[in-house]
Amino acid sequence: MLKKIATLLLVAFSCLLCRAGGTNVYSMMSPMLSQFLATHSGASESLSNVLSEAFAGRSVQLFYFYTDDTNVARAYHYYPDESSVGIVIQENQPPSDQCISLIFEMLNSEGEKQYQAFFQEAQAGTISRTNFAIGILRQEFGVVEKMKVLLRQFKLGKTEMAESGYYKKFMACPDTFDGFLSYSQKLWANGSDRMTFYEQQYDHFREEQQRP
């Protein structure tokens with residue numbers, strides 16, 4: 001009976017995706033992710049809610065890649081044009097992490113206009129190097145805080161929690177921005193210093209702007 005209900009929910013979920021984004025994201029999901037959503041109603045509901053919020057008036061496409069390189073980001077998004085978002089996810093990872101990656105990138109894509117504003121300020125030199133990095137990191141912190149709320153609704157089993165790399169990393173993140181800054185280099189797979197990374201991005205924008 002529960003499986004039948006889950007199937008019906010996924011059919012409705014698929015229809016919602018078609019309406020919200022103009023594309024059927026459900027049909028693009030890996031079999032593992034589809035099965036995960038069928039058996040985790042909390043995760044399915046969370047994804048559905050984020051989708052309808054993040055992609056009102058925009059379309060979304062989902063792509064997969066395979067890698068064994070732990071230094072490669074397991075998910076990222078990009079903007080093919082002003083009205084669409086492409087999300088790229090590593091397929092050979094636990095389905096819970098596929099789901100977490102997808103939701104995180106959806107949430108992160110909502111900040112496109114704010115990120116673009118920071119980039120333009122950096123190019124114009126109207127924002128300092130430090131404030132540029134902090135501004136972007138505050139955006140990321142807000143997304144992480146949203147993710148922590150949503151992850152509590154997933155109701156993962158103990159084995160699933162142990163298998164998921166993202167679940168542990170997000171839930172262990174401190175609730176303050178200062179704590180997030182200290183923790184952030186552990187949050188990403190390559191252990192990079194995010195503050196330094198964005199300060200280097202700022203330098204890149206300034207150099208590009210100053211070239212003849």
# chains A, B, ... in the order shown; residues from 1 in each chain; ligands from 1
call {"tool": "select_by_dssp", "arguments": {"residues": "chain A", "states": "strand (DSSP E)", "output": "PyMOL selection string"}}
result
chain A and resi 59-65+75-81+84-90
call {"tool": "write_last_selection", "arguments": {"atoms": "N, CA and C atoms", "output": "PDB file, in the first residue's frame"}}
result
ATOM      1  N   SER A  59      13.302  27.293 -16.548  1.00  0.00           N
ATOM      2  CA  SER A  59      13.373  25.866 -16.827  1.00  0.00           C
ATOM      3  C   SER A  59      14.660  25.304 -16.223  1.00  0.00           C
ATOM      4  N   VAL A  60      14.680  24.015 -15.975  1.00  0.00           N
ATOM      5  CA  VAL A  60      15.853  23.376 -15.378  1.00  0.00           C
ATOM      6  C   VAL A  60      16.149  22.078 -16.109  1.00  0.00           C
ATOM      7  N   GLN A  61      17.415  21.794 -16.293  1.00  0.00           N
ATOM      8  CA  GLN A  61      17.859  20.550 -16.906  1.00  0.00           C
ATOM      9  C   GLN A  61      18.851  19.868 -15.976  1.00  0.00           C
ATOM     10  N   LEU A  62      18.778  18.553 -15.943  1.00  0.00           N
ATOM     11  CA  LEU A  62      19.624  17.770 -15.043  1.00  0.00           C
ATOM     12  C   LEU A  62      20.539  16.869 -15.858  1.00  0.00           C
ATOM     13  N   PHE A  63      21.840  16.905 -15.533  1.00  0.00           N
ATOM     14  CA  PHE A  63      22.834  16.094 -16.223  1.00  0.00           C
ATOM     15  C   PHE A  63      23.669  15.332 -15.202  1.00  0.00           C
ATOM     16  N   TYR A  64      24.213  14.195 -15.618  1.00  0.00           N
ATOM     17  CA  TYR A  64      25.034  13.368 -14.736  1.00  0.00           C
ATOM     18  C   TYR A  64      26.438  13.183 -15.310  1.00  0.00           C
ATOM     19  N   PHE A  65      27.397  12.961 -14.410  1.00  0.00           N
ATOM     20  CA  PHE A  65      28.748  12.598 -14.832  1.00  0.00           C
ATOM     21  C   PHE A  65      29.289  11.556 -13.865  1.00  0.00           C
ATOM     22  N   ALA A  75      28.798  18.257  -7.585  1.00  0.00           N
ATOM     23  CA  ALA A  75      27.641  18.895  -8.222  1.00  0.00           C
ATOM     24  C   ALA A  75      27.958  20.368  -8.459  1.00  0.00           C
ATOM     25  N   TYR A  76      27.357  20.919  -9.484  1.00  0.00           N
ATOM     26  CA  TYR A  76      27.457  22.351  -9.743  1.00  0.00           C
ATOM     27  C   TYR A  76      26.307  22.743 -10.668  1.00  0.00           C
ATOM     28  N   HIS A  77      26.085  24.040 -10.816  1.00  0.00           N
ATOM     29  CA  HIS A  77      25.051  24.505 -11.726  1.00  0.00           C
ATOM     30  C   HIS A  77      25.601  25.632 -12.579  1.00  0.00           C
ATOM     31  N   TYR A  78      24.926  25.890 -13.686  1.00  0.00           N
ATOM     32  CA  TYR A  78      25.318  26.965 -14.574  1.00  0.00           C
ATOM     33  C   TYR A  78      24.053  27.515 -15.240  1.00  0.00           C
ATOM     34  N   TYR A  79      24.211  28.634 -15.948  1.00  0.00           N
ATOM     35  CA  TYR A  79      23.067  29.313 -16.537  1.00  0.00           C
ATOM     36  C   TYR A  79      23.238  29.398 -18.056  1.00  0.00           C
ATOM     37  N   PRO A  80      22.610  28.501 -18.814  1.00  0.00           N
ATOM     38  CA  PRO A  80      22.705  28.556 -20.277  1.00  0.00           C
ATOM     39  C   PRO A  80      22.166  29.869 -20.838  1.00  0.00           C
ATOM     40  N   ASP A  81      21.120  30.386 -20.205  1.00  0.00           N
ATOM     41  CA  ASP A  81      20.554  31.684 -20.566  1.00  0.00           C
ATOM     42  C   ASP A  81      19.793  32.216 -19.352  1.00  0.00           C
ATOM     43  N   SER A  84      16.936  29.772 -17.803  1.00  0.00           N
ATOM     44  CA  SER A  84      17.148  28.340 -17.572  1.00  0.00           C
ATOM     45  C   SER A  84      18.386  28.091 -16.722  1.00  0.00           C
ATOM     46  N   VAL A  85      18.377  26.944 -16.078  1.00  0.00           N
ATOM     47  CA  VAL A  85      19.494  26.528 -15.215  1.00  0.00           C
ATOM     48  C   VAL A  85      19.846  25.085 -15.545  1.00  0.00           C
ATOM     49  N   GLY A  86      21.119  24.810 -15.665  1.00  0.00           N
ATOM     50  CA  GLY A  86      21.595  23.440 -15.833  1.00  0.00           C
ATOM     51  C   GLY A  86      22.234  22.970 -14.539  1.00  0.00           C
ATOM     52  N   ILE A  87      21.862  21.797 -14.069  1.00  0.00           N
ATOM     53  CA  ILE A  87      22.437  21.233 -12.847  1.00  0.00           C
ATOM     54  C   ILE A  87      23.147  19.936 -13.194  1.00  0.00           C
ATOM     55  N   VAL A  88      24.386  19.827 -12.757  1.00  0.00           N
ATOM     56  CA  VAL A  88      25.222  18.671 -13.086  1.00  0.00           C
ATOM     57  C   VAL A  88      25.575  17.949 -11.791  1.00  0.00           C
ATOM     58  N   ILE A  89      25.343  16.629 -11.750  1.00  0.00           N
ATOM     59  CA  ILE A  89      25.515  15.852 -10.525  1.00  0.00           C
ATOM     60  C   ILE A  89      26.321  14.584 -10.809  1.00  0.00           C
ATOM     61  N   GLN A  90      27.197  14.241  -9.890  1.00  0.00           N
ATOM     62  CA  GLN A  90      27.925  12.972  -9.987  1.00  0.00           C
ATOM     63  C   GLN A  90      26.955  11.818  -9.746  1.00  0.00           C
TER      64      GLN A  90
END
call {"tool": "closest_atom_pairs", "arguments": {"of": "segment 100-122 of chain A", "to": "segment 190-211 of chain A", "cutoff": "10 Å", "atoms": "only C-alpha atoms", "output": "JSON lines"}}
result
{"residue": "A:Phe118", "atom": "CA", "partner": "A:Tyr202", "partner_atom": "CA", "distance": 9.4}
{"residue": "A:Phe119", "atom": "CA", "partner": "A:Phe205", "partner_atom": "CA", "distance": 7.4}
{"residue": "A:Gln120", "atom": "CA", "partner": "A:Phe205", "partner_atom": "CA", "distance": 8.7}
{"residue": "A:Glu121", "atom": "CA", "partner": "A:Phe205", "partner_atom": "CA", "distance": 9.4}
{"residue": "A:Ala122", "atom": "CA", "partner": "A:Tyr202", "partner_atom": "CA", "distance": 6.0}
call {"tool": "closest_residue", "arguments": {"among": "A:Asp175, A:Glu105, A:Asp97, A:Asp68", "to": "Leu151 of chain A", "atoms": "only C-alpha atoms"}}
result
A:Asp97
call {"tool": "closest_residue", "arguments": {"among": "A:Ile103, A:Thr176, A:Pro31, A:Tyr66", "to": "Asn49 of chain A", "atoms": "only C-alpha atoms"}}
result
A:Ile103
call {"tool": "atom_distance", "arguments": {"atom1": "atom CA of Met106 of chain A", "atom2": "atom CA of Phe141 of chain A"}}
result
14.7 Å
call {"tool": "select_by_dssp", "arguments": {"residues": "segment 69-113 of chain A", "states": "helix (DSSP H, G or I)", "output": "list in words"}}
result
Pro95, Ser96, Asp97, Gln98, Cys99, Ile100, Ser101, Leu102, Ile103, Phe104, Glu105, Met106, Leu107, Asn108, Ser109, Glu112 and Lys113 of chain A
call {"tool": "residues_around", "arguments": {"residues": "Pro95 of chain A", "least_positions_apart": "5", "cutoff": "7 Å", "atoms": "only C-alpha atoms", "output": "mmCIF file with C-alpha atoms, in the first residue's frame"}}
result
data_model
loop_
_atom_site.group_PDB
_atom_site.id
_atom_site.type_symbol
_atom_site.label_atom_id
_atom_site.label_comp_id
_atom_site.auth_asym_id
_atom_site.auth_seq_id
_atom_site.Cartn_x
_atom_site.Cartn_y
_atom_site.Cartn_z
ATOM 1 C CA MET A 32 18.787 5.325 -7.946
ATOM 2 C CA LEU A 33 17.481 8.823 -7.235
ATOM 3 C CA PHE A 36 15.176 6.997 -3.277
#
call {"tool": "atom_distance", "arguments": {"atom1": "atom CA of Met171 of chain A", "atom2": "atom CA of Lys148 of chain A"}}
result
5.9 Å
call {"tool": "residues_around", "arguments": {"residues": "Phe170 of chain A", "least_positions_apart": "2", "cutoff": "10 Å", "atoms": "only C-alpha atoms", "output": "list in words"}}
result
Ile100, Val144, Glu145, Met147, Lys148, Leu151, Gly165, Tyr166, Tyr167, Lys168, Ala172, Cys173, Pro174 and Leu187 of chain A
call {"tool": "residues_around", "arguments": {"residues": "Gly135 of chain A", "least_positions_apart": "3", "cutoff": "10 Å", "atoms": "only C-alpha atoms", "output": "ChimeraX atom specification"}}
result
/A:114-115,118,127,130-132,138-141,198
call {"tool": "write_last_selection", "arguments": {"atoms": "N, CA and C atoms", "output": "PDB file, in the first residue's frame"}}
result
ATOM      1  N   GLN A 114      22.000  37.988  -7.112  1.00  0.00           N
ATOM      2  CA  GLN A 114      22.867  38.545  -6.074  1.00  0.00           C
ATOM      3  C   GLN A 114      24.337  38.273  -6.386  1.00  0.00           C
ATOM      4  N   TYR A 115      24.615  37.047  -6.855  1.00  0.00           N
ATOM      5  CA  TYR A 115      25.991  36.723  -7.237  1.00  0.00           C
ATOM      6  C   TYR A 115      26.454  37.622  -8.379  1.00  0.00           C
ATOM      7  N   PHE A 118      27.434  40.975  -7.136  1.00  0.00           N
ATOM      8  CA  PHE A 118      28.769  40.964  -6.532  1.00  0.00           C
ATOM      9  C   PHE A 118      29.849  40.971  -7.610  1.00  0.00           C
ATOM     10  N   ILE A 127      33.458  47.416  -4.576  1.00  0.00           N
ATOM     11  CA  ILE A 127      33.398  46.599  -3.367  1.00  0.00           C
ATOM     12  C   ILE A 127      34.811  46.124  -3.054  1.00  0.00           C
ATOM     13  N   THR A 130      37.734  41.890   0.545  1.00  0.00           N
ATOM     14  CA  THR A 130      37.204  41.154   1.695  1.00  0.00           C
ATOM     15  C   THR A 130      35.684  41.129   1.697  1.00  0.00           C
ATOM     16  N   ASN A 131      35.049  42.274   1.442  1.00  0.00           N
ATOM     17  CA  ASN A 131      33.586  42.338   1.448  1.00  0.00           C
ATOM     18  C   ASN A 131      32.982  41.511   0.320  1.00  0.00           C
ATOM     19  N   PHE A 132      33.686  41.411  -0.796  1.00  0.00           N
ATOM     20  CA  PHE A 132      33.235  40.574  -1.903  1.00  0.00           C
ATOM     21  C   PHE A 132      33.176  39.115  -1.447  1.00  0.00           C
ATOM     22  N   ARG A 138      28.224  34.684   2.761  1.00  0.00           N
ATOM     23  CA  ARG A 138      26.952  34.840   3.480  1.00  0.00           C
ATOM     24  C   ARG A 138      25.801  34.239   2.664  1.00  0.00           C
ATOM     25  N   GLN A 139      25.875  34.386   1.355  1.00  0.00           N
ATOM     26  CA  GLN A 139      24.875  33.758   0.486  1.00  0.00           C
ATOM     27  C   GLN A 139      24.924  32.239   0.654  1.00  0.00           C
ATOM     28  N   GLU A 140      26.128  31.694   0.639  1.00  0.00           N
ATOM     29  CA  GLU A 140      26.293  30.247   0.778  1.00  0.00           C
ATOM     30  C   GLU A 140      25.834  29.766   2.152  1.00  0.00           C
ATOM     31  N   PHE A 141      26.127  30.548   3.173  1.00  0.00           N
ATOM     32  CA  PHE A 141      25.709  30.190   4.532  1.00  0.00           C
ATOM     33  C   PHE A 141      24.195  30.105   4.623  1.00  0.00           C
ATOM     34  N   TYR A 198      37.519  33.011  -2.870  1.00  0.00           N
ATOM     35  CA  TYR A 198      36.728  34.117  -3.408  1.00  0.00           C
ATOM     36  C   TYR A 198      37.535  35.413  -3.494  1.00  0.00           C
TER      37      TYR A 198
END
call {"tool": "closest_residue", "arguments": {"among": "A:Ala124, A:Ser164, A:Thr159, A:Glu82", "to": "Arg58 of chain A", "atoms": "only C-alpha atoms"}}
result
A:Glu82
call {"tool": "residues_around", "arguments": {"residues": "Lys155 of chain A", "least_positions_apart": "4", "cutoff": "10 Å", "atoms": "only C-alpha atoms", "output": "JSON, numbers by chain"}}
result
{"A": [40, 41, 42, 43, 150, 151, 160, 161]}
